[in-house]
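In what follows, a single structure is set out as structure tokens and then discussed.
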2 protein chains.
Amino acid sequence: MISDLSKLCVHTITTKPWAIEDAVVNYSKAGVKGITIWRNAIEGRDLTKVKSHIANHGLEVVSLCRGGFFPALDTKGRQTAIDDNKRAIDEAAAVGAPHVVLVCGAVPQQSLFESRKQIADGIAAVLPHAKQAGVKLAIEPLHPMYANDRSAVNTLKQANDLCDQLASPLVGVAVDVYHLWWDDSLEQEIKRCGKSGYLFAFHICDWKTPTTDFLNDRGLMGEGCINIPQIRSWVESAGFKGFNEVEIFSNLHWAKCQDSFLQEITQAYLQHS
Amino acid sequence: MISDLSKLCVHTITTKPWAIEDAVVNYSKAGVKGITIWRNAIEGRDLTKVKSHIANHGLEVVSLCRGGFFPALDTKGRQTAIDDNKRAIDEAAAVGAPHVVLVCGAVPQQSLFESRKQIADGIAAVLPHAKQAGVKLAIEPLHPMYANDRSAVNTLKQANDLCDQLASPLVGVAVDVYHLWWDDSLEQEIKRCGKSGYLFAFHICDWKTPTTDFLNDRGLMGEGCINIPQIRSWVESAGFKGFNEVEIFSNLHWAKCQDSFLQEITQAYLQHS
């Protein structure tokens with residue numbers, strides 16, 4: 001169990017009904033210490049103002065979500081993705097996020113092998129821009145149920161292999177329990193991830209039984225079957241000292257009063273993480 | 001591509017609206033050569049009559065679906081599962097199915113490690129009964145999205161490991177493209193599976209984009225992103241000479257005229273498998 005909220009980060013998407021300005025105020029009041037900014041939350045905003053609003057409320061910017069989606073059926077599509085990732089990097093720099101989380105992408109019409117190659121090429125193509133901006137890139141392996149159209153990187157082993165291949169101190173991994181809890185090589189790959197210096201981020205939520213929606217039915221910690229304290233202990237043993245980021249997409253929770261939901265989050269964080 | 005229907009098997013669940021008696025007549029008319037019987041389809045039937053009805057229509061019984069669901073929170077629950085699996089074995093013997101397909105089970109309240117142990121124990125407990133009946137057991141690894149409550153065996157590697165552990169000529173594997181297509185070790189594990197003599201069954205269907213239901217939105221071959229001919233080529237290179245079993249759970253397809261659907265199945269089988 002966790003004794004205090006000092007490592008608690010909440011993703012803006014978790015409290016989607018709130019504008020980021022309100023989310024910042026409410027997180028701060030609730031004792032949350034970190035915020036991960038989803039790009040939709042800052043669309044059309046003055047990023048300097050967003051950054052100072054966050055700092056004024058004592059929150060740390062943990063990540064920017066998200067870049068990626070590199071694979072496409074033609075060169076033009078892949079270039080569009082590269083350009084968009086450069087913009088994401090610029091936004092991360094502007095709000096003071098140390099890294100951009102990458103949902104790497106996949107295209108159902110082409111093989112996973114080809115998509116993985118395009119992902120590696122895409123990341124390599126934006127690396128100089130990332131270096132210039134001083135922003136890192138965190139590859140997030142996604143659950144195999146998203147292999148058709150969201151990510152061809154579906155295990156931590158694949159993400160670690162990709163980091164090995166890209167061999168840059170700017171490229172690491174975001175470990176999300178929702179995507180990886182089922183994998184029997186998880187402990188071993190978290191060790192490898194830590195040892196290699198790839199462990200950039202740690203996301204938590206829960207897997208409900210039943211789960212009724214492929215995207216928006218994630219559970220609050222404790223609502224499901226994931227042994228979060230165990231996975232967190234692996235991550236910490238691997239040397240991770242960063243935030244525990246609560247990332248929940250849930251039609252059910254979004255429909256609630258978000259003040260009550262945030263209270264549930266802090267309680268569940270202390271009891272079930 | 002496949003040149004004829006001589007290796008085509010259809011699961012009774014694929015044409016769920018049909019009683020098994022009608023399914024047999026219709027499959028036979030359509031040129032289907034094998035049938036996999038789901039237990040719900042023979043509930044309350046005289047199994048001798050079912051067997052001879054199938055034989056009279058020139059169909060081969062390929063598998064009985066399904067046993068398994070071994071893990072439970074208490075001894076009583078695990079014994080109930082063992083008893084039910086013995087009944088499934090008896091039913092397989094009665095209809096002339098060479099093996100029972102096992103959906104191994106999982107319990108969200110316990111670790112996957114514990115569930116896997118209970119699965120191994122459960123299979124070991126029914127093995128003498130299977131031997132007596134002359135019926136084999138085919139472990140079907142299920143997609144990781146079912147790890148919470150349907151199967152703690154989620155990769156072909158885990159299924160092969162379990163076969164190694166149980167070390168019985170009666171225990172093998174059912175490879176289903178829907179569950180395994182995303183796995184980058186699939187080709188290698190199919191090779192291993194064949195070399196070890198574990199390759200008992202091969203199931204086909206497709207993964208749609210988007211998929212809207214966790215259970216009942218499988219696609220007909222060609223409707224999705226799975227490279228079925230490639231996986232079939234791996235299976236055949238590994239020495240498999242059995243049927244290609246069409247197993248589709250789909251609210252969409254079940255709502256159709258099943259005669260038309262069966263016609264679509266035979267066409268899709270020839271074009272996209």
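The chains in the structure tokens are called A, B, ... from first to last as shown; in each chain the residues are counted from 1, and the ligands are counted from 1 in the order shown.
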(message) Can you pull out the residues contacting segment 82-89 of chain A? Cut-off 8 Å, using only C-alpha atoms, and skip same-chain residues under 5 positions away; I want them as an MDAnalysis selection string.
(response) chainID A and resid 39 64 66:68 70 99:100 122 125:126 129:130 133 135
Take the residues from that selection and put them in a file with C-alpha atoms, as a JSON list (two decimals), in the first residue's frame.
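Contents of the output file selection_5.json:
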```json
[["chain", "number", "residue", "atom", "x", "y", "z"],
["A", 39, "ARG", "CA", -3.22, 17.07, -26.14],
["A", 64, "LEU", "CA", 2.35, 14.65, -22.58],
["A", 66, "ARG", "CA", 0.23, 11.36, -26.87],
["A", 67, "GLY", "CA", 2.24, 11.00, -30.03],
["A", 68, "GLY", "CA", 2.76, 7.94, -32.19],
["A", 70, "PHE", "CA", 3.45, 6.20, -37.18],
["A", 99, "HIS", "CA", 8.52, 13.19, -22.46],
["A", 100, "VAL", "CA", 5.81, 12.41, -24.97],
["A", 122, "GLY", "CA", 9.02, 7.06, -37.49],
["A", 125, "ALA", "CA", 12.80, 10.38, -37.94],
["A", 126, "VAL", "CA", 11.62, 12.54, -35.04],
["A", 129, "HIS", "CA", 13.68, 17.14, -33.26],
["A", 130, "ALA", "CA", 13.23, 15.57, -29.82],
["A", 133, "ALA", "CA", 13.68, 20.24, -27.86],
["A", 135, "VAL", "CA", 12.06, 16.02, -24.87]]
```
(message) Set the cut-off to 9 Å and count only C-alpha atoms: what are the residues of chain A that reach chain B? Output as a PyMOL selection string.
(response) chain A and resi 107-113+143-145+147-149+152+154+158+182-184+207-214+224-227
Using the selection just defined, write its residues with N, CA and C atoms as a PDB file, in the first residue's frame.
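Output below, filename part.pdb:
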```
ATOM      1  N   VAL A 107      -1.830  -0.555 -38.690  1.00  0.00           N
ATOM      2  CA  VAL A 107      -2.765  -0.436 -39.803  1.00  0.00           C
ATOM      3  C   VAL A 107      -3.264  -1.838 -40.130  1.00  0.00           C
ATOM      4  N   PRO A 108      -4.586  -2.051 -40.038  1.00  0.00           N
ATOM      5  CA  PRO A 108      -5.084  -3.421 -40.218  1.00  0.00           C
ATOM      6  C   PRO A 108      -4.749  -4.029 -41.581  1.00  0.00           C
ATOM      7  N   GLN A 109      -4.522  -3.156 -42.591  1.00  0.00           N
ATOM      8  CA  GLN A 109      -4.260  -3.673 -43.943  1.00  0.00           C
ATOM      9  C   GLN A 109      -2.820  -4.132 -44.147  1.00  0.00           C
ATOM     10  N   GLN A 110      -1.956  -3.904 -43.184  1.00  0.00           N
ATOM     11  CA  GLN A 110      -0.584  -4.371 -43.378  1.00  0.00           C
ATOM     12  C   GLN A 110      -0.136  -5.210 -42.183  1.00  0.00           C
ATOM     13  N   SER A 111       0.927  -5.965 -42.382  1.00  0.00           N
ATOM     14  CA  SER A 111       1.368  -6.887 -41.333  1.00  0.00           C
ATOM     15  C   SER A 111       1.906  -6.132 -40.121  1.00  0.00           C
ATOM     16  N   LEU A 112       1.849  -6.781 -38.970  1.00  0.00           N
ATOM     17  CA  LEU A 112       2.405  -6.194 -37.759  1.00  0.00           C
ATOM     18  C   LEU A 112       3.902  -5.969 -37.929  1.00  0.00           C
ATOM     19  N   PHE A 113       4.546  -6.865 -38.653  1.00  0.00           N
ATOM     20  CA  PHE A 113       5.973  -6.753 -38.919  1.00  0.00           C
ATOM     21  C   PHE A 113       6.261  -5.441 -39.651  1.00  0.00           C
ATOM     22  N   HIS A 143      -2.128  -3.306 -25.120  1.00  0.00           N
ATOM     23  CA  HIS A 143      -2.724  -4.644 -25.035  1.00  0.00           C
ATOM     24  C   HIS A 143      -2.906  -5.237 -26.443  1.00  0.00           C
ATOM     25  N   PRO A 144      -2.694  -6.546 -26.582  1.00  0.00           N
ATOM     26  CA  PRO A 144      -2.873  -7.192 -27.885  1.00  0.00           C
ATOM     27  C   PRO A 144      -4.255  -6.963 -28.510  1.00  0.00           C
ATOM     28  N   MET A 145      -5.249  -6.589 -27.730  1.00  0.00           N
ATOM     29  CA  MET A 145      -6.567  -6.345 -28.330  1.00  0.00           C
ATOM     30  C   MET A 145      -6.575  -5.059 -29.166  1.00  0.00           C
ATOM     31  N   ALA A 147      -3.931  -4.532 -31.333  1.00  0.00           N
ATOM     32  CA  ALA A 147      -2.898  -4.777 -32.361  1.00  0.00           C
ATOM     33  C   ALA A 147      -3.391  -4.465 -33.765  1.00  0.00           C
ATOM     34  N   ASN A 148      -4.708  -4.504 -33.977  1.00  0.00           N
ATOM     35  CA  ASN A 148      -5.217  -4.234 -35.323  1.00  0.00           C
ATOM     36  C   ASN A 148      -5.021  -2.785 -35.760  1.00  0.00           C
ATOM     37  N   ASP A 149      -5.312  -1.821 -34.868  1.00  0.00           N
ATOM     38  CA  ASP A 149      -5.298  -0.442 -35.357  1.00  0.00           C
ATOM     39  C   ASP A 149      -4.714   0.604 -34.405  1.00  0.00           C
ATOM     40  N   ALA A 152       1.159  -1.856 -32.902  1.00  0.00           N
ATOM     41  CA  ALA A 152       1.790  -3.138 -33.246  1.00  0.00           C
ATOM     42  C   ALA A 152       2.831  -3.519 -32.200  1.00  0.00           C
ATOM     43  N   ASN A 154       2.978  -4.704 -28.593  1.00  0.00           N
ATOM     44  CA  ASN A 154       1.968  -5.255 -27.680  1.00  0.00           C
ATOM     45  C   ASN A 154       2.503  -5.949 -26.449  1.00  0.00           C
ATOM     46  N   GLN A 158       8.667  -6.380 -26.663  1.00  0.00           N
ATOM     47  CA  GLN A 158       8.768  -5.697 -27.961  1.00  0.00           C
ATOM     48  C   GLN A 158       9.210  -4.234 -27.777  1.00  0.00           C
ATOM     49  N   TRP A 182      -1.295  -9.243 -17.916  1.00  0.00           N
ATOM     50  CA  TRP A 182      -1.512 -10.654 -18.247  1.00  0.00           C
ATOM     51  C   TRP A 182      -0.235 -11.382 -18.649  1.00  0.00           C
ATOM     52  N   ASP A 183       0.839 -10.639 -18.931  1.00  0.00           N
ATOM     53  CA  ASP A 183       2.030 -11.212 -19.576  1.00  0.00           C
ATOM     54  C   ASP A 183       2.947 -11.880 -18.548  1.00  0.00           C
ATOM     55  N   ASP A 184       3.231 -13.166 -18.755  1.00  0.00           N
ATOM     56  CA  ASP A 184       4.042 -13.879 -17.753  1.00  0.00           C
ATOM     57  C   ASP A 184       5.526 -13.516 -17.824  1.00  0.00           C
ATOM     58  N   TRP A 207      -8.489  -3.712 -14.507  1.00  0.00           N
ATOM     59  CA  TRP A 207      -9.199  -4.465 -15.556  1.00  0.00           C
ATOM     60  C   TRP A 207     -10.436  -5.096 -14.922  1.00  0.00           C
ATOM     61  N   LYS A 208     -11.605  -4.620 -15.351  1.00  0.00           N
ATOM     62  CA  LYS A 208     -12.867  -5.062 -14.757  1.00  0.00           C
ATOM     63  C   LYS A 208     -13.384  -6.377 -15.355  1.00  0.00           C
ATOM     64  N   THR A 209     -14.158  -7.093 -14.552  1.00  0.00           N
ATOM     65  CA  THR A 209     -14.841  -8.307 -15.008  1.00  0.00           C
ATOM     66  C   THR A 209     -16.329  -8.124 -14.785  1.00  0.00           C
ATOM     67  N   PRO A 210     -17.159  -8.072 -15.831  1.00  0.00           N
ATOM     68  CA  PRO A 210     -16.729  -8.027 -17.229  1.00  0.00           C
ATOM     69  C   PRO A 210     -16.266  -6.635 -17.629  1.00  0.00           C
ATOM     70  N   THR A 211     -15.523  -6.591 -18.709  1.00  0.00           N
ATOM     71  CA  THR A 211     -15.201  -5.332 -19.374  1.00  0.00           C
ATOM     72  C   THR A 211     -16.131  -5.250 -20.580  1.00  0.00           C
ATOM     73  N   THR A 212     -16.800  -4.116 -20.744  1.00  0.00           N
ATOM     74  CA  THR A 212     -17.856  -4.082 -21.762  1.00  0.00           C
ATOM     75  C   THR A 212     -17.532  -3.206 -22.971  1.00  0.00           C
ATOM     76  N   ASP A 213     -16.429  -2.492 -22.896  1.00  0.00           N
ATOM     77  CA  ASP A 213     -16.079  -1.621 -24.022  1.00  0.00           C
ATOM     78  C   ASP A 213     -14.576  -1.727 -24.249  1.00  0.00           C
ATOM     79  N   PHE A 214     -14.177  -1.796 -25.520  1.00  0.00           N
ATOM     80  CA  PHE A 214     -12.756  -1.986 -25.821  1.00  0.00           C
ATOM     81  C   PHE A 214     -11.893  -0.812 -25.388  1.00  0.00           C
ATOM     82  N   GLY A 224     -10.882  -4.126 -10.215  1.00  0.00           N
ATOM     83  CA  GLY A 224     -10.636  -5.225 -11.147  1.00  0.00           C
ATOM     84  C   GLY A 224      -9.654  -6.251 -10.619  1.00  0.00           C
ATOM     85  N   CYS A 225      -9.006  -6.955 -11.541  1.00  0.00           N
ATOM     86  CA  CYS A 225      -8.203  -8.117 -11.172  1.00  0.00           C
ATOM     87  C   CYS A 225      -6.700  -7.883 -11.209  1.00  0.00           C
ATOM     88  N   ILE A 226      -6.272  -6.675 -11.510  1.00  0.00           N
ATOM     89  CA  ILE A 226      -4.822  -6.450 -11.625  1.00  0.00           C
ATOM     90  C   ILE A 226      -4.187  -6.280 -10.247  1.00  0.00           C
ATOM     91  N   ASN A 227      -3.109  -7.004 -10.020  1.00  0.00           N
ATOM     92  CA  ASN A 227      -2.362  -6.859  -8.767  1.00  0.00           C
ATOM     93  C   ASN A 227      -1.398  -5.682  -8.929  1.00  0.00           C
TER      94      ASN A 227
END
```
Superposed chain B (on chain A, all in-order C-alpha pairs) as a CSV table (one decimal) with C-alpha atoms, in the first residue's frame:
```csv
chain,number,residue,atom,x,y,z
B,1,MET,CA,0.0,0.0,0.0
B,2,ILE,CA,1.0,3.6,-0.6
B,3,SER,CA,1.2,5.9,2.4
B,4,ASP,CA,0.8,9.3,0.8
B,5,LEU,CA,-0.1,11.2,-2.4
B,6,SER,CA,3.4,12.5,-3.1
B,7,LYS,CA,3.8,10.3,-6.2
B,8,LEU,CA,0.2,10.6,-7.4
B,9,CYS,CA,-0.3,11.9,-10.9
B,10,VAL,CA,-3.6,12.1,-12.7
B,11,HIS,CA,-4.1,12.2,-16.5
B,12,THR,CA,-6.4,15.0,-17.7
B,13,ILE,CA,-8.3,12.3,-19.7
B,14,THR,CA,-9.2,10.6,-16.5
B,15,THR,CA,-11.4,13.6,-15.6
B,16,LYS,CA,-12.3,14.3,-19.1
B,17,PRO,CA,-15.4,16.5,-18.3
B,18,TRP,CA,-13.1,19.1,-16.7
B,19,ALA,CA,-11.3,21.8,-18.7
B,20,ILE,CA,-7.6,21.6,-17.8
B,21,GLU,CA,-7.8,24.9,-15.9
B,22,ASP,CA,-10.3,23.4,-13.5
B,23,ALA,CA,-8.6,20.0,-13.4
B,24,VAL,CA,-5.4,21.7,-12.2
B,25,VAL,CA,-7.2,23.6,-9.4
B,26,ASN,CA,-9.1,20.5,-8.4
B,27,TYR,CA,-6.1,18.1,-8.5
B,28,SER,CA,-4.1,20.6,-6.4
B,29,LYS,CA,-6.9,20.9,-3.8
B,30,ALA,CA,-7.2,17.1,-3.6
B,31,GLY,CA,-3.4,16.7,-2.9
B,32,VAL,CA,-2.5,15.3,-6.3
B,33,LYS,CA,1.1,16.2,-7.1
B,34,GLY,CA,1.5,15.4,-10.8
B,35,ILE,CA,-0.5,16.0,-14.0
B,36,THR,CA,-0.2,14.2,-17.4
B,37,ILE,CA,-1.6,16.4,-20.1
B,38,TRP,CA,-3.5,15.0,-23.0
B,39,ARG,CA,-3.2,17.1,-26.1
B,40,ASN,CA,-7.0,17.5,-26.5
B,41,ALA,CA,-7.0,19.3,-23.2
B,42,ILE,CA,-4.6,22.1,-24.4
B,43,GLU,CA,-6.0,22.5,-27.9
B,44,GLY,CA,-6.2,26.2,-28.7
B,45,ARG,CA,-4.6,27.2,-25.3
B,46,ASP,CA,-1.7,29.5,-24.7
B,47,LEU,CA,0.8,26.9,-23.5
B,48,THR,CA,2.8,29.4,-21.5
B,49,LYS,CA,-0.3,30.2,-19.5
B,50,VAL,CA,-1.1,26.5,-19.1
B,51,LYS,CA,2.5,25.9,-17.8
B,52,SER,CA,2.4,28.7,-15.3
B,53,HIS,CA,-1.1,27.8,-14.1
B,54,ILE,CA,0.1,24.3,-13.3
B,55,ALA,CA,3.2,25.6,-11.6
B,56,ASN,CA,1.2,28.1,-9.6
B,57,HIS,CA,-0.8,25.2,-8.2
B,58,GLY,CA,2.2,23.2,-7.2
B,59,LEU,CA,1.8,20.4,-9.7
B,60,GLU,CA,4.5,18.8,-11.8
B,61,VAL,CA,4.0,18.0,-15.5
B,62,VAL,CA,4.7,14.3,-15.8
B,63,SER,CA,4.0,13.4,-19.5
B,64,LEU,CA,2.3,14.7,-22.6
B,65,CYS,CA,-0.1,12.2,-24.1
B,66,ARG,CA,0.2,11.3,-26.9
B,67,GLY,CA,2.2,11.0,-30.0
B,68,GLY,CA,2.8,8.0,-32.2
B,69,PHE,CA,0.5,6.4,-34.8
B,70,PHE,CA,3.5,6.2,-37.2
B,71,PRO,CA,2.3,3.4,-39.6
B,72,ALA,CA,0.3,4.4,-42.6
B,73,LEU,CA,-0.3,2.8,-46.0
B,74,ASP,CA,1.6,5.5,-48.0
B,75,THR,CA,4.6,7.8,-47.6
B,76,LYS,CA,2.3,10.8,-47.3
B,77,GLY,CA,0.5,9.3,-44.3
B,78,ARG,CA,3.7,8.4,-42.6
B,79,GLN,CA,5.1,12.0,-43.1
B,80,THR,CA,1.9,13.5,-41.7
B,81,ALA,CA,2.4,11.3,-38.6
B,82,ILE,CA,6.1,12.5,-38.3
B,83,ASP,CA,5.0,16.1,-38.6
B,84,ASP,CA,2.3,15.6,-36.0
B,85,ASN,CA,4.8,14.0,-33.6
B,86,LYS,CA,7.2,17.0,-34.0
B,87,ARG,CA,4.3,19.2,-33.0
B,88,ALA,CA,3.6,17.0,-30.0
B,89,ILE,CA,7.3,17.3,-29.0
B,90,ASP,CA,7.0,21.1,-29.3
B,91,GLU,CA,3.9,21.1,-27.1
B,92,ALA,CA,5.7,18.9,-24.5
B,93,ALA,CA,8.6,21.4,-24.4
B,94,ALA,CA,6.2,24.3,-24.1
B,95,VAL,CA,4.3,22.9,-21.1
B,96,GLY,CA,7.5,21.4,-19.5
B,97,ALA,CA,6.7,17.8,-20.0
B,98,PRO,CA,9.9,15.7,-19.9
B,99,HIS,CA,8.5,13.2,-22.5
B,100,VAL,CA,5.8,12.4,-25.0
B,101,VAL,CA,4.0,9.1,-24.6
B,102,LEU,CA,3.8,7.2,-27.9
B,103,VAL,CA,0.9,5.0,-28.8
B,104,CYS,CA,2.8,3.6,-31.7
B,105,GLY,CA,0.0,2.8,-34.2
B,106,ALA,CA,-0.9,-0.1,-36.5
B,107,VAL,CA,-2.8,-0.4,-39.8
B,108,PRO,CA,-5.1,-3.4,-40.2
B,109,GLN,CA,-4.3,-3.7,-43.9
B,110,GLN,CA,-0.6,-4.4,-43.4
B,111,SER,CA,1.4,-6.9,-41.3
B,112,LEU,CA,2.4,-6.2,-37.8
B,113,PHE,CA,6.0,-6.8,-38.9
B,114,GLU,CA,5.7,-3.9,-41.5
B,115,SER,CA,3.9,-1.7,-38.9
B,116,ARG,CA,6.7,-2.3,-36.4
B,117,LYS,CA,9.3,-1.3,-39.1
B,118,GLN,CA,7.4,1.9,-39.8
B,119,ILE,CA,7.2,2.6,-36.1
B,120,ALA,CA,11.0,2.3,-35.7
B,121,ASP,CA,11.5,4.5,-38.8
B,122,GLY,CA,9.0,7.1,-37.5
B,123,ILE,CA,10.6,7.4,-34.1
B,124,ALA,CA,14.1,7.6,-35.7
B,125,ALA,CA,12.8,10.4,-37.9
B,126,VAL,CA,11.6,12.5,-35.0
B,127,LEU,CA,14.6,11.9,-32.8
B,128,PRO,CA,16.7,14.9,-33.9
B,129,HIS,CA,13.7,17.1,-33.3
B,130,ALA,CA,13.2,15.6,-29.8
B,131,LYS,CA,16.9,16.1,-29.1
B,132,GLN,CA,16.7,19.7,-30.1
B,133,ALA,CA,13.7,20.2,-27.9
B,134,GLY,CA,15.1,18.3,-24.9
B,135,VAL,CA,12.1,16.0,-24.9
B,136,LYS,CA,12.1,12.2,-24.4
B,137,LEU,CA,9.9,9.7,-26.1
B,138,ALA,CA,8.1,6.9,-24.1
B,139,ILE,CA,7.0,3.9,-26.1
B,140,GLU,CA,3.8,2.5,-24.5
B,141,PRO,CA,3.2,-1.1,-25.4
B,142,LEU,CA,-0.6,-1.6,-25.8
B,143,HIS,CA,-2.7,-4.6,-25.0
B,144,PRO,CA,-2.9,-7.2,-27.9
B,145,MET,CA,-6.6,-6.3,-28.3
B,146,TYR,CA,-5.3,-3.1,-29.9
B,147,ALA,CA,-2.9,-4.8,-32.4
B,148,ASN,CA,-5.2,-4.2,-35.3
B,149,ASP,CA,-5.3,-0.5,-35.4
B,150,ARG,CA,-3.7,1.2,-32.3
B,151,SER,CA,-0.3,-0.4,-31.7
B,152,ALA,CA,1.8,-3.1,-33.2
B,153,VAL,CA,3.9,-3.0,-30.1
B,154,ASN,CA,2.0,-5.2,-27.7
B,155,THR,CA,4.4,-6.5,-25.1
B,156,LEU,CA,7.1,-4.9,-22.9
B,157,LYS,CA,9.6,-7.2,-24.6
B,158,GLN,CA,8.8,-5.7,-28.0
B,159,ALA,CA,9.1,-2.2,-26.5
B,160,ASN,CA,12.4,-3.0,-24.9
B,161,ASP,CA,13.6,-4.5,-28.1
B,162,LEU,CA,12.6,-1.4,-30.0
B,163,CYS,CA,14.5,0.8,-27.4
B,164,ASP,CA,17.6,-1.5,-27.9
B,165,GLN,CA,17.3,-1.0,-31.7
B,166,LEU,CA,16.9,2.8,-31.5
B,167,ALA,CA,19.7,3.0,-28.9
B,168,SER,CA,19.1,6.6,-27.8
B,169,PRO,CA,19.0,8.0,-24.3
B,170,LEU,CA,15.8,9.8,-25.4
B,171,VAL,CA,13.8,6.7,-26.1
B,172,GLY,CA,12.3,4.7,-23.3
B,173,VAL,CA,9.0,3.0,-22.2
B,174,ALA,CA,5.7,3.7,-20.4
B,175,VAL,CA,4.6,0.7,-18.5
B,176,ASP,CA,0.8,0.6,-18.2
B,177,VAL,CA,-0.7,-2.2,-16.0
B,178,TYR,CA,-3.9,-2.3,-18.1
B,179,HIS,CA,-2.0,-3.3,-21.2
B,180,LEU,CA,0.6,-5.6,-19.6
B,181,TRP,CA,-0.8,-7.3,-16.5
B,182,TRP,CA,-1.5,-10.6,-18.2
B,183,ASP,CA,2.0,-11.2,-19.6
B,184,ASP,CA,4.0,-13.9,-17.8
B,185,SER,CA,7.3,-12.3,-18.8
B,186,LEU,CA,6.3,-8.9,-17.3
B,187,GLU,CA,8.5,-9.1,-14.1
B,188,GLN,CA,11.5,-10.1,-16.1
B,189,GLU,CA,11.0,-7.4,-18.8
B,190,ILE,CA,10.4,-4.7,-16.2
B,191,LYS,CA,13.8,-5.7,-14.7
B,192,ARG,CA,15.4,-5.4,-18.1
B,193,CYS,CA,13.6,-2.1,-18.7
B,194,GLY,CA,15.0,-0.7,-15.5
B,195,LYS,CA,18.5,-2.0,-16.0
B,196,SER,CA,18.6,-0.5,-19.5
B,197,GLY,CA,17.4,2.9,-18.3
B,198,TYR,CA,14.2,2.7,-20.4
B,199,LEU,CA,11.7,3.0,-17.5
B,200,PHE,CA,10.2,6.5,-18.1
B,201,ALA,CA,6.6,6.2,-16.9
B,202,PHE,CA,4.2,4.0,-14.9
B,203,HIS,CA,0.4,4.0,-15.5
B,204,ILE,CA,-2.2,2.5,-13.3
B,205,CYS,CA,-5.9,1.6,-13.5
B,206,ASP,CA,-7.7,-1.8,-13.3
B,207,TRP,CA,-9.2,-4.5,-15.5
B,208,LYS,CA,-12.9,-5.1,-14.8
B,209,THR,CA,-14.8,-8.3,-15.0
B,210,PRO,CA,-16.7,-8.0,-17.2
B,211,THR,CA,-15.2,-5.3,-19.4
B,212,THR,CA,-17.9,-4.1,-21.8
B,213,ASP,CA,-16.1,-1.6,-24.0
B,214,PHE,CA,-12.8,-2.0,-25.8
B,215,LEU,CA,-11.7,1.6,-25.0
B,216,ASN,CA,-13.7,3.3,-22.3
B,217,ASP,CA,-14.5,0.7,-19.6
B,218,ARG,CA,-11.3,0.8,-17.5
B,219,GLY,CA,-11.6,0.4,-13.8
B,220,LEU,CA,-10.5,2.4,-10.9
B,221,MET,CA,-7.7,0.7,-8.9
B,222,GLY,CA,-9.4,-2.0,-6.8
B,223,GLU,CA,-12.3,-2.5,-9.2
B,224,GLY,CA,-10.6,-5.2,-11.2
B,225,CYS,CA,-8.2,-8.1,-11.2
B,226,ILE,CA,-4.8,-6.4,-11.6
B,227,ASN,CA,-2.4,-6.9,-8.8
B,228,ILE,CA,-1.2,-3.3,-8.9
B,229,PRO,CA,1.0,-3.3,-5.7
B,230,GLN,CA,2.9,-6.3,-7.1
B,231,ILE,CA,3.6,-4.7,-10.5
B,232,ARG,CA,4.5,-1.4,-8.7
B,233,SER,CA,6.9,-3.3,-6.5
B,234,TRP,CA,8.6,-4.7,-9.7
B,235,VAL,CA,8.8,-1.2,-11.2
B,236,GLU,CA,10.3,0.2,-8.0
B,237,SER,CA,12.7,-2.6,-7.6
B,238,ALA,CA,13.8,-1.8,-11.2
B,239,GLY,CA,14.8,1.6,-9.9
B,240,PHE,CA,11.8,3.7,-11.0
B,241,LYS,CA,11.3,6.7,-8.8
B,242,GLY,CA,8.7,8.6,-10.8
B,243,PHE,CA,5.0,9.2,-10.5
B,244,ASN,CA,2.2,6.6,-10.4
B,245,GLU,CA,-0.1,8.0,-13.1
B,246,VAL,CA,-3.8,7.3,-12.9
B,247,GLU,CA,-5.1,6.9,-16.5
B,248,ILE,CA,-8.7,5.8,-16.7
B,249,PHE,CA,-10.9,6.0,-19.7
B,250,SER,CA,-14.4,5.2,-18.5
B,251,ASN,CA,-17.8,6.3,-19.7
B,252,LEU,CA,-19.1,5.2,-16.3
B,253,HIS,CA,-16.7,7.3,-14.3
B,254,TRP,CA,-16.9,10.3,-16.7
B,255,ALA,CA,-20.7,10.3,-16.2
B,256,LYS,CA,-20.2,10.9,-12.4
B,257,CYS,CA,-19.7,14.1,-10.5
B,258,GLN,CA,-15.9,14.5,-11.1
B,259,ASP,CA,-15.3,15.9,-7.6
B,260,SER,CA,-16.6,12.7,-6.1
B,261,PHE,CA,-14.6,10.7,-8.7
B,262,LEU,CA,-11.4,12.5,-7.8
B,263,GLN,CA,-12.0,11.7,-4.2
B,264,GLU,CA,-12.5,8.0,-5.1
B,265,ILE,CA,-9.3,8.1,-7.1
B,266,THR,CA,-7.2,9.4,-4.1
B,267,GLN,CA,-8.8,6.8,-1.8
B,268,ALA,CA,-8.3,3.9,-4.3
B,269,TYR,CA,-4.8,5.1,-4.9
B,270,LEU,CA,-3.9,4.7,-1.2
B,271,GLN,CA,-5.8,1.5,-0.7
B,272,HIS,CA,-5.3,-0.5,-3.9
B,273,SER,CA,-2.1,0.7,-5.6
```
(message) I need the residues in segment 57-117 of chain A that are strand (DSSP E) according to DSSP; give them as a PyMOL selection string.
(response) chain A and resi 60-68+99-103
(request) Report as a ChimeraX atom specification: the residues of segment 88-256 of chain B with a DSSP assignment of alpha helix (DSSP H), based on the backbone of this structure. (result) /B:88-95,112-133,156-166,177-180,186-195,228-237,251-254
